[in-house]
$ cat data.cif   # mmCIF, C-alpha atoms and all ligand atoms
data_run
loop_
_atom_site.label_atom_id
_atom_site.label_comp_id
_atom_site.auth_asym_id
_atom_site.auth_seq_id
_atom_site.Cartn_x
_atom_site.Cartn_y
_atom_site.Cartn_z
CA MET Y 1 2.21 3.70 23.66
CA ASN Y 2 4.76 1.58 21.78
CA VAL Y 3 3.10 -0.06 18.80
CA LEU Y 4 4.77 -2.91 16.95
CA VAL Y 5 3.66 -2.76 13.32
CA LEU Y 6 3.87 -6.11 11.51
CA ASN Y 7 3.63 -6.93 7.83
CA SER Y 8 3.75 -10.67 7.59
CA GLY Y 9 4.25 -11.86 3.99
CA SER Y 10 4.89 -15.23 2.38
CA SER Y 11 8.69 -14.99 2.59
CA SER Y 12 9.34 -12.03 4.85
CA LEU Y 13 8.28 -10.44 8.12
CA LYS Y 14 8.66 -6.65 8.18
CA PHE Y 15 8.30 -4.58 11.34
CA GLN Y 16 8.54 -1.12 12.83
CA VAL Y 17 8.13 0.12 16.37
CA ILE Y 18 6.33 3.45 16.55
CA ALA Y 19 5.70 5.49 19.70
CA THR Y 20 2.27 7.04 19.36
CA ASP Y 21 -0.96 7.96 21.16
CA SER Y 22 -3.89 10.30 20.55
CA GLU Y 23 -1.96 13.35 21.66
CA ARG Y 24 1.11 12.58 19.56
CA ILE Y 25 -1.16 11.89 16.57
CA SER Y 26 -2.87 15.27 16.91
CA ARG Y 27 0.54 16.96 17.06
CA SER Y 28 2.04 14.69 14.30
CA SER Y 29 4.87 13.95 16.72
CA GLU Y 30 4.94 10.17 16.57
CA GLU Y 31 8.40 8.61 16.72
CA ARG Y 32 9.73 5.70 14.72
CA LEU Y 33 11.92 3.81 17.19
CA CYS Y 34 13.37 1.09 14.95
CA ARG Y 35 12.51 -1.05 11.96
CA GLY Y 36 13.64 -4.09 10.04
CA GLN Y 37 12.75 -7.29 8.33
CA ILE Y 38 13.41 -10.99 8.40
CA GLU Y 39 13.59 -12.73 5.04
CA TRP Y 40 13.63 -16.43 4.47
CA MET Y 41 16.09 -17.82 1.93
CA GLY Y 42 15.32 -21.52 1.96
CA ALA Y 43 15.94 -22.83 5.49
CA GLU Y 44 17.96 -19.81 6.59
CA ALA Y 45 16.54 -16.50 7.72
CA ILE Y 46 18.36 -13.21 7.18
CA ALA Y 47 17.48 -10.45 9.61
CA THR Y 48 18.16 -6.85 8.65
CA PHE Y 49 17.52 -4.45 11.51
CA HIS Y 50 17.85 -0.67 11.67
CA THR Y 51 18.63 0.71 15.10
CA ARG Y 52 17.11 3.86 16.52
CA ALA Y 53 20.20 5.77 15.38
CA GLY Y 54 19.74 4.38 11.84
CA THR Y 55 22.64 1.92 11.83
CA ARG Y 56 22.00 -1.26 9.88
CA GLN Y 57 22.65 -4.65 11.49
CA LYS Y 58 22.49 -7.93 9.64
CA PHE Y 59 22.19 -11.42 11.15
CA ALA Y 60 21.68 -14.94 9.82
CA ALA Y 61 19.60 -17.20 12.06
CA ALA Y 62 17.78 -20.51 12.00
CA LEU Y 63 14.17 -19.42 12.44
CA PRO Y 64 11.80 -22.18 11.38
CA ASP Y 65 8.56 -20.21 11.57
CA ILE Y 66 6.98 -16.78 12.03
CA ALA Y 67 6.56 -17.20 15.81
CA SER Y 68 10.28 -17.88 16.28
CA ALA Y 69 11.13 -14.95 13.97
CA LEU Y 70 8.83 -12.66 15.96
CA ASP Y 71 10.34 -13.83 19.23
CA TYR Y 72 13.82 -13.17 17.77
CA LEU Y 73 13.03 -9.64 16.62
CA VAL Y 74 11.27 -8.73 19.89
CA ARG Y 75 14.37 -9.84 21.81
CA TRP Y 76 16.47 -7.62 19.53
CA ILE Y 77 14.14 -4.64 20.05
CA ALA Y 78 14.37 -5.11 23.83
CA SER Y 79 18.17 -5.49 23.74
CA GLU Y 80 20.63 -2.64 24.08
CA GLU Y 81 21.71 -3.13 20.48
CA SER Y 82 18.49 -1.61 19.07
CA GLY Y 83 18.99 1.62 20.99
CA VAL Y 84 15.26 1.62 21.82
CA THR Y 85 15.34 2.62 25.47
CA GLU Y 86 11.52 2.80 25.57
CA VAL Y 87 11.32 -0.97 25.13
CA GLN Y 88 13.53 -2.89 27.56
CA THR Y 89 11.32 -5.98 27.82
CA ALA Y 90 8.65 -7.48 25.57
CA ALA Y 91 6.07 -6.24 28.10
CA GLU Y 92 6.80 -2.67 27.01
CA ILE Y 93 5.26 -3.32 23.63
CA ASP Y 94 1.74 -2.10 24.27
CA ALA Y 95 -0.04 -3.16 21.09
CA VAL Y 96 0.51 -4.84 17.74
CA GLY Y 97 -0.86 -3.48 14.45
CA HIS Y 98 -1.07 -5.88 11.52
CA ARG Y 99 -1.26 -5.12 7.84
CA VAL Y 100 -3.96 -7.39 6.43
CA VAL Y 101 -4.36 -7.46 2.66
CA HIS Y 102 -8.00 -8.46 2.20
CA GLY Y 103 -10.93 -7.55 4.39
CA GLY Y 104 -13.52 -8.37 1.71
CA GLU Y 105 -16.95 -6.88 2.39
CA LEU Y 106 -16.67 -7.69 6.08
CA PHE Y 107 -14.26 -4.97 7.16
CA SER Y 108 -14.81 -1.34 6.30
CA GLU Y 109 -12.31 -0.05 8.86
CA SER Y 110 -9.44 -1.09 11.10
CA THR Y 111 -10.54 -3.26 13.98
CA VAL Y 112 -9.31 -4.80 17.24
CA ILE Y 113 -8.65 -8.50 16.58
CA THR Y 114 -10.98 -10.92 18.37
CA ASN Y 115 -11.62 -14.59 17.55
CA GLU Y 116 -14.57 -13.48 15.44
CA VAL Y 117 -12.43 -10.97 13.50
CA LEU Y 118 -9.80 -13.65 12.92
CA ARG Y 119 -12.51 -15.95 11.53
CA GLY Y 120 -13.59 -13.10 9.25
CA ILE Y 121 -10.04 -12.68 7.93
CA GLU Y 122 -9.96 -16.44 7.34
CA ASP Y 123 -13.22 -16.15 5.41
CA CYS Y 124 -11.45 -13.73 3.04
CA ILE Y 125 -8.68 -16.22 2.18
CA ASP Y 126 -10.48 -17.16 -1.06
CA LEU Y 127 -10.11 -13.55 -2.20
CA ALA Y 128 -6.39 -13.27 -1.38
CA PRO Y 129 -4.99 -16.80 -1.23
CA LEU Y 130 -1.39 -15.57 -1.51
CA HIS Y 131 -1.62 -12.93 1.21
CA ASN Y 132 -4.24 -13.48 3.91
CA PRO Y 133 -2.80 -16.83 5.12
CA SER Y 134 0.59 -15.19 5.90
CA ASN Y 135 -1.17 -12.25 7.57
CA ILE Y 136 -3.11 -14.72 9.74
CA GLN Y 137 0.10 -16.55 10.64
CA GLY Y 138 1.54 -13.21 11.77
CA ILE Y 139 -1.50 -12.57 14.00
CA ARG Y 140 -1.37 -16.04 15.54
CA ALA Y 141 2.38 -15.73 16.11
CA ALA Y 142 1.85 -12.40 17.89
CA GLN Y 143 -0.90 -13.93 20.05
CA GLN Y 144 1.54 -16.71 20.96
CA VAL Y 145 4.47 -14.38 21.71
CA PHE Y 146 2.60 -11.59 23.54
CA GLY Y 147 -0.36 -13.46 25.05
CA PRO Y 148 -3.96 -12.28 25.28
CA GLU Y 149 -3.18 -9.15 27.31
CA VAL Y 150 -1.58 -7.26 24.41
CA PRO Y 151 -4.26 -5.89 22.07
CA GLN Y 152 -3.86 -6.47 18.35
CA VAL Y 153 -5.41 -4.52 15.52
CA ALA Y 154 -5.95 -5.43 11.86
CA VAL Y 155 -5.56 -2.67 9.25
CA PHE Y 156 -6.90 -3.72 5.85
CA ASP Y 157 -5.56 -2.74 2.41
CA THR Y 158 -9.11 -2.90 1.10
CA ALA Y 159 -10.93 -0.97 3.86
CA PHE Y 160 -10.47 2.56 2.51
CA HIS Y 161 -12.19 1.60 -0.76
CA HIS Y 162 -15.25 0.28 1.08
CA SER Y 163 -16.91 3.63 0.36
CA MET Y 164 -16.96 2.98 -3.42
CA PRO Y 165 -20.52 3.11 -4.75
CA GLU Y 166 -22.09 0.05 -6.35
CA HIS Y 167 -21.74 1.45 -9.87
CA ALA Y 168 -17.96 1.65 -9.33
CA TYR Y 169 -17.41 -1.72 -7.68
CA LEU Y 170 -19.71 -3.98 -9.69
CA TYR Y 171 -18.49 -5.62 -12.87
CA ALA Y 172 -20.86 -5.89 -15.83
CA LEU Y 173 -21.15 -9.65 -15.35
CA PRO Y 174 -24.13 -11.89 -14.51
CA TYR Y 175 -25.36 -10.28 -11.31
CA HIS Y 176 -25.74 -13.55 -9.40
CA TRP Y 177 -21.92 -14.03 -9.56
CA TYR Y 178 -21.71 -11.16 -7.14
CA GLY Y 179 -24.14 -12.71 -4.69
CA ARG Y 180 -22.80 -16.22 -5.08
CA TYR Y 181 -19.03 -15.67 -5.32
CA ASN Y 182 -18.48 -12.07 -4.22
CA ILE Y 183 -17.18 -11.15 -7.68
CA ARG Y 184 -16.71 -7.38 -7.41
CA ARG Y 185 -13.97 -4.79 -7.24
CA PHE Y 186 -12.40 -4.22 -3.83
CA GLY Y 187 -9.30 -2.13 -4.53
CA PHE Y 188 -5.99 -2.27 -2.65
CA HIS Y 189 -3.18 0.01 -1.38
CA GLY Y 190 -5.95 1.62 0.69
CA THR Y 191 -3.63 2.40 3.58
CA SER Y 192 -1.28 4.27 1.25
CA HIS Y 193 -4.04 6.18 -0.58
CA ARG Y 194 -5.59 7.15 2.75
CA PHE Y 195 -2.27 8.19 4.29
CA VAL Y 196 -1.38 10.57 1.44
CA ALA Y 197 -4.93 11.93 1.26
CA GLU Y 198 -4.92 12.69 5.00
CA ARG Y 199 -1.46 14.21 4.74
CA TYR Y 200 -2.61 16.36 1.81
CA SER Y 201 -5.59 17.67 3.78
CA SER Y 202 -3.39 18.53 6.73
CA LEU Y 203 -0.79 20.25 4.47
CA ARG Y 204 -3.52 22.31 2.81
CA GLN Y 205 -5.54 22.70 6.02
CA LEU Y 206 -8.64 21.18 4.49
CA SER Y 207 -11.37 19.22 6.17
CA SER Y 208 -11.83 15.75 4.83
CA GLU Y 209 -15.09 16.89 3.12
CA GLN Y 210 -13.01 19.41 1.17
CA THR Y 211 -10.47 16.79 0.04
CA ASN Y 212 -10.94 15.98 -3.66
CA LEU Y 213 -7.95 14.18 -5.09
CA ILE Y 214 -6.59 11.60 -7.44
CA THR Y 215 -3.86 9.66 -5.64
CA MET Y 216 -1.35 7.73 -7.77
CA HIS Y 217 0.51 5.00 -5.88
CA LEU Y 218 3.26 4.03 -8.32
CA GLY Y 219 5.64 1.38 -6.96
CA ASN Y 220 6.13 -2.23 -7.97
CA GLY Y 221 2.39 -2.49 -7.63
CA CYS Y 222 0.54 0.55 -8.95
CA SER Y 223 -2.94 1.91 -8.36
CA ALA Y 224 -4.89 5.13 -8.70
CA ALA Y 225 -7.71 6.25 -6.42
CA ALA Y 226 -10.43 8.84 -6.91
CA ILE Y 227 -11.05 10.49 -3.55
CA ARG Y 228 -14.11 12.73 -3.20
CA GLY Y 229 -14.86 14.40 0.13
CA GLY Y 230 -12.03 12.42 1.71
CA ARG Y 231 -13.58 9.07 0.71
CA SER Y 232 -12.52 6.65 -2.00
CA VAL Y 233 -15.14 6.67 -4.77
CA ASP Y 234 -13.19 4.60 -7.28
CA THR Y 235 -9.85 2.88 -7.68
CA SER Y 236 -7.98 1.12 -10.46
CA MET Y 237 -7.34 -2.25 -8.80
CA GLY Y 238 -10.24 -4.66 -8.78
CA MET Y 239 -11.16 -7.98 -7.28
CA THR Y 240 -7.43 -8.70 -7.15
CA PRO Y 241 -4.42 -6.39 -7.46
CA LEU Y 242 -4.04 -7.38 -11.13
CA GLU Y 243 -6.48 -4.86 -12.61
CA GLY Y 244 -5.77 -1.27 -13.58
CA LEU Y 245 -2.45 0.44 -14.18
CA VAL Y 246 0.62 -1.14 -15.77
CA MET Y 247 2.87 -2.39 -12.94
CA GLY Y 248 6.35 -3.86 -12.51
CA THR Y 249 5.35 -7.39 -13.50
CA ARG Y 250 1.52 -7.17 -13.62
CA CYS Y 251 -0.38 -6.35 -16.78
CA GLY Y 252 -3.21 -4.21 -15.37
CA ASP Y 253 -6.28 -3.91 -17.65
CA ILE Y 254 -6.47 -6.36 -20.54
CA ASP Y 255 -9.21 -7.92 -22.62
CA PRO Y 256 -10.27 -11.00 -20.61
CA ALA Y 257 -10.59 -12.99 -23.87
CA ILE Y 258 -6.77 -13.02 -24.08
CA VAL Y 259 -6.58 -15.53 -21.21
CA SER Y 260 -8.30 -18.44 -22.95
CA LEU Y 261 -6.75 -17.58 -26.32
CA ILE Y 262 -3.18 -17.74 -24.94
CA ALA Y 263 -4.04 -20.82 -22.86
CA ALA Y 264 -5.10 -22.60 -26.08
CA LYS Y 265 -2.18 -21.35 -28.20
CA GLU Y 266 0.53 -22.12 -25.66
CA GLY Y 267 -1.03 -25.24 -24.14
CA LEU Y 268 -1.28 -23.68 -20.69
CA SER Y 269 -3.97 -23.84 -18.04
CA THR Y 270 -5.82 -20.60 -17.30
CA GLN Y 271 -4.12 -20.60 -13.87
CA GLU Y 272 -0.73 -20.71 -15.60
CA VAL Y 273 -1.72 -17.79 -17.82
CA GLU Y 274 -2.79 -15.87 -14.71
CA VAL Y 275 0.66 -16.44 -13.19
CA ILE Y 276 2.22 -14.92 -16.33
CA LEU Y 277 -0.13 -11.93 -16.12
CA ASN Y 278 1.04 -11.41 -12.53
CA THR Y 279 4.75 -12.14 -12.79
CA GLN Y 280 5.97 -11.83 -16.40
CA SER Y 281 3.96 -8.89 -17.70
CA GLY Y 282 3.88 -5.13 -17.07
CA LEU Y 283 7.17 -3.24 -17.45
CA LEU Y 284 9.08 -6.53 -17.43
CA GLY Y 285 6.91 -8.12 -20.09
CA ILE Y 286 7.09 -5.22 -22.52
CA SER Y 287 10.75 -4.35 -22.03
CA GLY Y 288 11.93 -7.96 -21.78
CA LEU Y 289 14.56 -6.50 -19.47
CA THR Y 290 13.40 -5.67 -15.95
CA ASN Y 291 10.51 -4.58 -13.76
CA ASP Y 292 12.70 -1.88 -12.19
CA MET Y 293 11.77 1.60 -13.41
CA ARG Y 294 15.14 3.06 -12.39
CA VAL Y 295 16.97 0.59 -14.61
CA LEU Y 296 14.56 1.21 -17.50
CA LEU Y 297 15.05 4.98 -17.33
CA ARG Y 298 18.84 4.52 -17.32
CA GLU Y 299 18.65 2.07 -20.22
CA LEU Y 300 16.51 4.46 -22.24
CA LYS Y 301 18.97 7.30 -21.65
CA ASP Y 302 22.07 5.23 -22.42
CA HIS Y 303 20.87 2.98 -25.28
CA GLU Y 304 17.58 4.36 -26.60
CA ASP Y 305 16.23 0.79 -26.53
CA ARG Y 306 12.88 0.62 -28.38
CA ARG Y 307 11.08 -1.83 -26.09
CA THR Y 308 12.29 0.01 -23.01
CA ARG Y 309 10.83 3.20 -24.43
CA LEU Y 310 7.56 1.40 -25.16
CA ALA Y 311 7.35 0.00 -21.62
CA ILE Y 312 7.74 3.49 -20.16
CA GLU Y 313 5.32 5.02 -22.67
CA ILE Y 314 2.63 2.42 -22.04
CA PHE Y 315 3.09 2.79 -18.26
CA CYS Y 316 2.65 6.58 -18.41
CA TYR Y 317 -0.13 6.48 -20.99
CA ARG Y 318 -2.23 4.15 -18.83
CA ALA Y 319 -1.64 6.33 -15.76
CA LYS Y 320 -2.73 9.43 -17.68
CA LYS Y 321 -5.79 7.62 -19.00
CA TYR Y 322 -6.92 6.77 -15.46
CA ILE Y 323 -6.42 10.36 -14.35
CA GLY Y 324 -8.65 11.50 -17.23
CA ALA Y 325 -11.26 8.86 -16.42
CA PHE Y 326 -11.33 9.74 -12.73
CA LEU Y 327 -11.47 13.49 -13.44
CA ALA Y 328 -14.57 12.81 -15.51
CA SER Y 329 -16.19 10.35 -13.12
CA MET Y 330 -15.60 12.39 -9.96
CA GLY Y 331 -16.44 15.73 -11.57
CA GLY Y 332 -12.94 17.22 -11.31
CA ALA Y 333 -10.34 17.21 -8.55
CA ASP Y 334 -8.14 19.76 -6.81
CA ALA Y 335 -4.89 17.82 -7.09
CA ILE Y 336 -3.08 14.74 -8.24
CA VAL Y 337 -0.82 13.25 -5.56
CA PHE Y 338 2.11 11.04 -6.54
CA THR Y 339 3.47 8.44 -4.12
CA GLY Y 340 5.22 5.01 -4.06
CA GLY Y 341 8.81 4.30 -5.17
CA ILE Y 342 8.28 5.67 -8.70
CA GLY Y 343 5.84 8.44 -7.80
CA GLU Y 344 8.09 9.77 -5.02
CA ASN Y 345 11.42 9.47 -6.80
CA SER Y 346 11.01 9.92 -10.52
CA PRO Y 347 10.52 13.49 -11.81
CA GLU Y 348 10.73 12.11 -15.34
CA ILE Y 349 7.79 9.73 -14.97
CA ARG Y 350 5.72 12.39 -13.18
CA ALA Y 351 6.46 14.84 -16.01
CA ARG Y 352 5.49 12.29 -18.66
CA ILE Y 353 2.21 11.53 -16.89
CA CYS Y 354 1.35 15.21 -16.37
CA ALA Y 355 2.30 16.25 -19.92
CA GLY Y 356 -0.79 17.13 -21.92
CA LEU Y 357 -3.00 17.65 -18.88
CA GLU Y 358 -2.93 21.44 -19.34
CA TRP Y 359 -6.50 21.25 -20.66
CA ALA Y 360 -7.50 20.12 -17.16
CA GLY Y 361 -5.71 23.09 -15.59
CA LEU Y 362 -2.50 21.31 -14.57
CA LYS Y 363 0.74 23.21 -15.14
CA LEU Y 364 3.80 21.38 -13.93
CA ASP Y 365 6.55 23.51 -12.36
CA ARG Y 366 9.66 21.95 -13.92
CA ASN Y 367 12.07 23.07 -11.22
CA ARG Y 368 9.90 21.99 -8.33
CA ASN Y 369 9.29 18.65 -10.00
CA GLN Y 370 13.01 18.14 -10.60
CA ARG Y 371 13.87 19.05 -7.00
CA LEU Y 372 11.38 16.83 -5.22
CA ILE Y 373 12.99 13.41 -5.07
CA GLY Y 374 11.77 11.43 -2.07
CA LEU Y 375 10.52 14.70 -0.60
CA GLU Y 376 7.12 16.16 0.05
CA GLY Y 377 5.74 19.21 -1.75
CA GLN Y 378 3.87 20.85 -4.59
CA ILE Y 379 5.12 20.33 -8.14
CA SER Y 380 2.49 22.40 -9.98
CA THR Y 381 2.67 26.15 -10.56
CA GLU Y 382 0.79 28.45 -8.18
CA ASP Y 383 -1.72 29.41 -10.88
CA SER Y 384 -2.65 25.83 -11.73
CA ILE Y 385 -6.30 24.93 -11.37
CA LEU Y 386 -5.50 21.25 -10.97
CA HIS Y 387 -2.45 20.91 -8.69
CA ALA Y 388 0.14 18.14 -8.47
CA PHE Y 389 1.90 17.06 -5.28
CA VAL Y 390 4.47 14.51 -4.19
CA ILE Y 391 3.75 12.96 -0.79
CA PRO Y 392 5.91 10.05 0.37
CA THR Y 393 3.66 7.31 1.69
CA ASP Y 394 4.01 5.84 5.18
CA GLU Y 395 1.69 2.89 5.57
CA GLU Y 396 3.30 1.77 8.84
CA MET Y 397 2.57 5.15 10.42
CA LEU Y 398 -1.09 4.86 9.50
CA ILE Y 399 -1.22 1.30 10.89
CA ALA Y 400 0.28 2.57 14.17
CA ARG Y 401 -2.21 5.46 14.28
CA ASP Y 402 -5.19 3.20 13.61
CA THR Y 403 -3.94 0.76 16.24
CA ALA Y 404 -3.76 3.54 18.85
CA HIS Y 405 -7.22 4.85 17.84
CA CYS Y 406 -8.90 1.43 17.86
CA ILE Y 407 -7.50 0.65 21.30
CA ALA Y 408 -8.48 4.05 22.71
CA ASN Y 409 -12.02 3.54 21.35
CA LYS Y 410 -12.21 0.06 22.82
CA TRP Y 411 -11.20 1.34 26.25
CA HIS Y 412 -13.67 4.17 25.88
CA HIS Y 413 -16.51 1.74 25.07
CA ALA Y 414 -15.43 -0.70 27.80
CA GLY Y 415 -15.47 2.23 30.25
CA MET Y 416 -18.94 3.29 29.08
CA GLU Y 417 -20.31 -0.23 29.42
CA SER Y 418 -19.06 -0.60 32.98
CA HIS Y 419 -20.88 2.59 34.04
P1 LIG Y 501 6.79 -1.75 -3.58
O1 LIG Y 501 5.53 -1.57 -4.36
O2 LIG Y 501 7.38 -3.11 -3.71
O3 LIG Y 501 6.72 -1.20 -2.17
P2 LIG Y 501 8.32 0.63 -4.18
O4 LIG Y 501 7.21 1.52 -3.77
O5 LIG Y 501 9.56 0.64 -3.37
O6 LIG Y 501 7.86 -0.86 -4.35
O7 LIG Y 501 8.68 0.99 -5.70
C1 LIG Y 501 9.61 0.28 -6.43
C2 LIG Y 501 9.76 0.95 -7.78
O8 LIG Y 501 10.22 2.29 -7.57
C3 LIG Y 501 10.78 0.27 -8.68
O9 LIG Y 501 10.27 0.20 -10.00
C4 LIG Y 501 11.95 1.23 -8.61
O10 LIG Y 501 12.73 1.20 -9.77
C5 LIG Y 501 11.23 2.56 -8.51
N1 LIG Y 501 12.13 3.62 -8.10
C6 LIG Y 501 12.77 3.80 -6.92
N2 LIG Y 501 13.59 4.88 -6.99
C7 LIG Y 501 13.46 5.39 -8.25
C8 LIG Y 501 14.02 6.49 -8.94
N3 LIG Y 501 14.89 7.30 -8.36
N4 LIG Y 501 13.64 6.72 -10.23
C9 LIG Y 501 12.74 5.90 -10.83
N5 LIG Y 501 12.18 4.85 -10.23
C10 LIG Y 501 12.53 4.59 -8.95
#

$ encode --input "data.cif" --output "C-alpha cells" --more "lines below"
Ligand code: ADP
Amino acid sequence: MNVLVLNSGSSSLKFQVIATDSERISRSSEERLCRGQIEWMGAEAIATFHTRAGTRQKFAAALPDIASALDYLVRWIASEESGVTEVQTAAEIDAVGHRVVHGGELFSESTVITNEVLRGIEDCIDLAPLHNPSNIQGIRAAQQVFGPEVPQVAVFDTAFHHSMPEHAYLYALPYHWYGRYNIRRFGFHGTSHRFVAERYSSLRQLSSEQTNLITMHLGNGCSAAAIRGGRSVDTSMGMTPLEGLVMGTRCGDIDPAIVSLIAAKEGLSTQEVEVILNTQSGLLGISGLTNDMRVLLRELKDHEDRRTRLAIEIFCYRAKKYIGAFLASMGGADAIVFTGGIGENSPEIRARICAGLEWAGLKLDRNRNQRLIGLEGQISTEDSILHAFVIPTDEEMLIARDTAHCIANKWHHAGMESH
C-alpha cells in the first residue's frame, strides 16, 4: 500500500510517500517513493520536492491554505515529474498517516481517525496550542482532498510515553491540579524514541521485553527516554517540550521561581518570559551566537570563544546527568542510543557526553565513534558493559508502519464483526 505521511506544522507541510504493508514491514523492505515540503513565506508558498531518483525540484506557488497545498503536492506525486510510477492518480494513495503532537491521556497508541478521534485531538489543543491546531488542519485537508474512502491514521508524539508510571509522570504539585487541569508529564519525540528502540532490538535480535535502553534524541529539540522492557518508563520532556535537556533555543530544566522573578525585573508578563524560555534560551541563549550545534563546534575550534564553550559544556553536562539519573531509576541499561541531528552526526558531542561514564561500564571506541556520521552502528568497545550506539531516526517510516498496521487491524476487526 502507498502511504502518504503528513506532518502539518504552523508554517510548513512536510510529506513522504512510503510503500509498505505487513509483509514489507516484516522484511524491513519498505520503500520511500518521494518526499518534500511546502513552506509558507508570507503569502507565497515554496515547494521543495525530492523525486524518486533523489533530484530536488523547487517551485513557488500561490497556495492559500493547507488543502490547496495538499492538492498541489498530490498532483506532483501523481505526475511524471516525481518518478513515482506506483502513484499515477490520487486514487493510488491508499492511506494517509498524520504526525500528531499531543494525544494527552486519551491516546496511548496510533489510531484510525474517526470523528470521535478528531474530537479527542481537538480536546488536546489546550496542551499543545502551537501544534495540534495545525495537525488538525492537515487531517481536515486530507479528508477534503481524498474523501471518506481513504483511511487516515493519527500517530502521536506522546503515545509511546503513555507507559510511564504515575511516580514518573506526576509533578510534586497540589494533586487536584492533575485532576482539574491535567497537569502532568507527557513526554514527546515518542515516535523517534520508539523507532530507534525497535531498530536496536532488531539489530541485536532482542525481544522487546529484553530491550533496556536510554535513547538520546538530540536535535533542535532534545529529549532522553528510559526504556525498560521495550516500554518508556521515563522521559526528560514534561507537560510541554520545554522541560529536560538543554536544546537549541529551549532552556530545559530550570527553577520555576525564575519565571516570576524575571517577569518582575524586566517588566514582562509570564507568557512573555515563557516565549523567551522557548525561543531565546538553550544553546542560543548561553552562546549569544546561534542555536546550531555545527556552527558552535566550528566557532569553538576556530576562536575558542568562552560562551560557546560554556553552551556546549552545559548541553553535554545536562545530557550526562539525565543518563546517570535514568541508569539509577531504571536499574541499569544495556545501551545508550544516540539519534537526531546532533546525536547522529556529531562524534565530538557523543564523546563529551560519554566521557566519565566508565564507572557505568561504558567504554567508547574512538575510531568507531569518529567513523559513524549519519550512519548506524555501535560506538562502544566490545567489552563494554554499557554499550553506545548511533541509530539514525526515521519518524516517517514509523508513521507509515503504524498506518499500515492500524488499517490491517481495522479490516481484521471489520471482517470478524461481519462473521
Ligand atoms: P530537528 O529537531 O529540527 O529535526 P535536527 O534533528 O535536524 O533538528 O537537528 C538539528 C541540529 O543538528 C542542529 O543543531 C545542527 O547543528 C545539528 N547537526 C547537524 N549536523 C551536525 C554535525 N555534523 N555536527 C554537529 N551538529 C550537527

$ residues_near_ligand --input "data.cif" --ligand "ligand LIG 501 (chain Y)" --cutoff "7 Å" --atoms "all atoms listed in the file" --output "list in words"
Leu218, Gly219, Asn220, Gly221, Gly248, Asn291, Asp292, Met293, Arg294, Val295, Leu297, Gly340, Gly341, Ile342, Asn345 and Ser346 of chain Y

$ write_last_selection --input "data.cif" --atoms "C-alpha atoms" --output "short mmCIF file (atom, residue, chain, number, x, y, z; two decimals), keeping the file's coordinate frame"
data_model
loop_
_atom_site.label_atom_id
_atom_site.label_comp_id
_atom_site.auth_asym_id
_atom_site.auth_seq_id
_atom_site.Cartn_x
_atom_site.Cartn_y
_atom_site.Cartn_z
CA LEU Y 218 3.26 4.03 -8.32
CA GLY Y 219 5.64 1.38 -6.96
CA ASN Y 220 6.13 -2.23 -7.97
CA GLY Y 221 2.39 -2.49 -7.63
CA GLY Y 248 6.35 -3.86 -12.51
CA ASN Y 291 10.51 -4.58 -13.76
CA ASP Y 292 12.70 -1.88 -12.19
CA MET Y 293 11.77 1.60 -13.41
CA ARG Y 294 15.14 3.06 -12.39
CA VAL Y 295 16.97 0.59 -14.61
CA LEU Y 297 15.05 4.98 -17.33
CA GLY Y 340 5.22 5.01 -4.06
CA GLY Y 341 8.81 4.30 -5.17
CA ILE Y 342 8.28 5.67 -8.70
CA ASN Y 345 11.42 9.47 -6.80
CA SER Y 346 11.01 9.92 -10.52
#

$ residues_around --input "data.cif" --residues "segment 153-159 of chain Y" --least-positions-apart "5" --cutoff "9 Å" --atoms "all atoms listed in the file" --output "number ranges by chain"
Y: 95-105, 107-114, 117, 139, 186-192, 398-399, 402-404, 406-407

$ atom_distance --input "data.cif" --atom1 "atom CA of Thr270 of chain Y" --atom2 "atom CA of Ile258 of chain Y"
10.2 Å

$ residues_near_point --input "data.cif" --point "(4.0, -9.3, 17.7)" --cutoff "7 Å" --atoms "all atoms listed in the file" --output "NGL selection string"
:Y and (4 or 6 or 70 or 96 or 141-142 or 145-146)

$ atom_distance --input "data.cif" --atom1 "atom CA of Glu274 of chain Y" --atom2 "atom CA of Ile183 of chain Y"
16.7 Å

$ residues_near_point --input "data.cif" --point "(2.6, -8.1, -20.8)" --cutoff "10 Å" --atoms "only C-alpha atoms" --output "ChimeraX atom specification"
/Y:246-247,249-252,254,276-288,311

$ residues_around --input "data.cif" --residues "Glu243 of chain Y" --least-positions-apart "3" --cutoff "6 Å" --atoms "all atoms listed in the file" --output "PDB file with C-alpha atoms, in the coordinates of the input"
ATOM      1  CA  MET Y 237      -7.340  -2.250  -8.800  1.00  0.00           C
ATOM      2  CA  GLY Y 238     -10.240  -4.660  -8.780  1.00  0.00           C
ATOM      3  CA  GLY Y 252      -3.210  -4.210 -15.370  1.00  0.00           C
ATOM      4  CA  ASP Y 253      -6.280  -3.910 -17.650  1.00  0.00           C
TER       5      ASP Y 253
END

$ closest_atom_pairs --input "data.cif" --of "segment 314-348 of chain Y" --to "segment 199-208 of chain Y" --cutoff "12 Å" --atoms "all atoms listed in the file" --output "Markdown table"
| residue | atom | partner | partner_atom | distance |
| --- | --- | --- | --- | --- |
| Y:Asp334 | CA | Y:Tyr200 | CA | 10.8 |
| Y:Ala335 | CA | Y:Tyr200 | CA | 9.3 |
| Y:Ile336 | CA | Y:Tyr200 | CA | 10.2 |
| Y:Val337 | CA | Y:Tyr200 | CA | 8.2 |
| Y:Phe338 | CA | Y:Tyr200 | CA | 11.0 |
| Y:Thr339 | CA | Y:Tyr200 | CA | 11.6 |

$ write_last_selection --input "data.cif" --atoms "C-alpha atoms" --output "compact mmCIF listing (two decimals), in the coordinates of the input"
# COMPACT_ATOMS: atom_id res chain seq x y z
CA ASP Y 334 -8.14 19.76 -6.81
CA ALA Y 335 -4.89 17.82 -7.09
CA ILE Y 336 -3.08 14.74 -8.24
CA VAL Y 337 -0.82 13.25 -5.56
CA PHE Y 338 2.11 11.04 -6.54
CA THR Y 339 3.47 8.44 -4.12

$ closest_residue --input "data.cif" --among "Y:Thr89, Y:Gly356, Y:Glu344, Y:Ser260" --to "Ile373 of chain Y" --atoms "only C-alpha atoms"
Y:Glu344

$ closest_residue --input "data.cif" --among "Y:Ile391, Y:Ile353, Y:Ala408, Y:Ala400" --to "Glu31 of chain Y" --atoms "only C-alpha atoms"
Y:Ala400

$ axis_aligned_box --input "data.cif" --around "segment 57-75 of chain Y" --padding-each-side "4 Å" --output "AutoDock Vina command-line options"
--center_x 14.6 --center_y -13.4 --center_z 15.7 --size_x 24.1 --size_y 25.5 --size_z 20.2
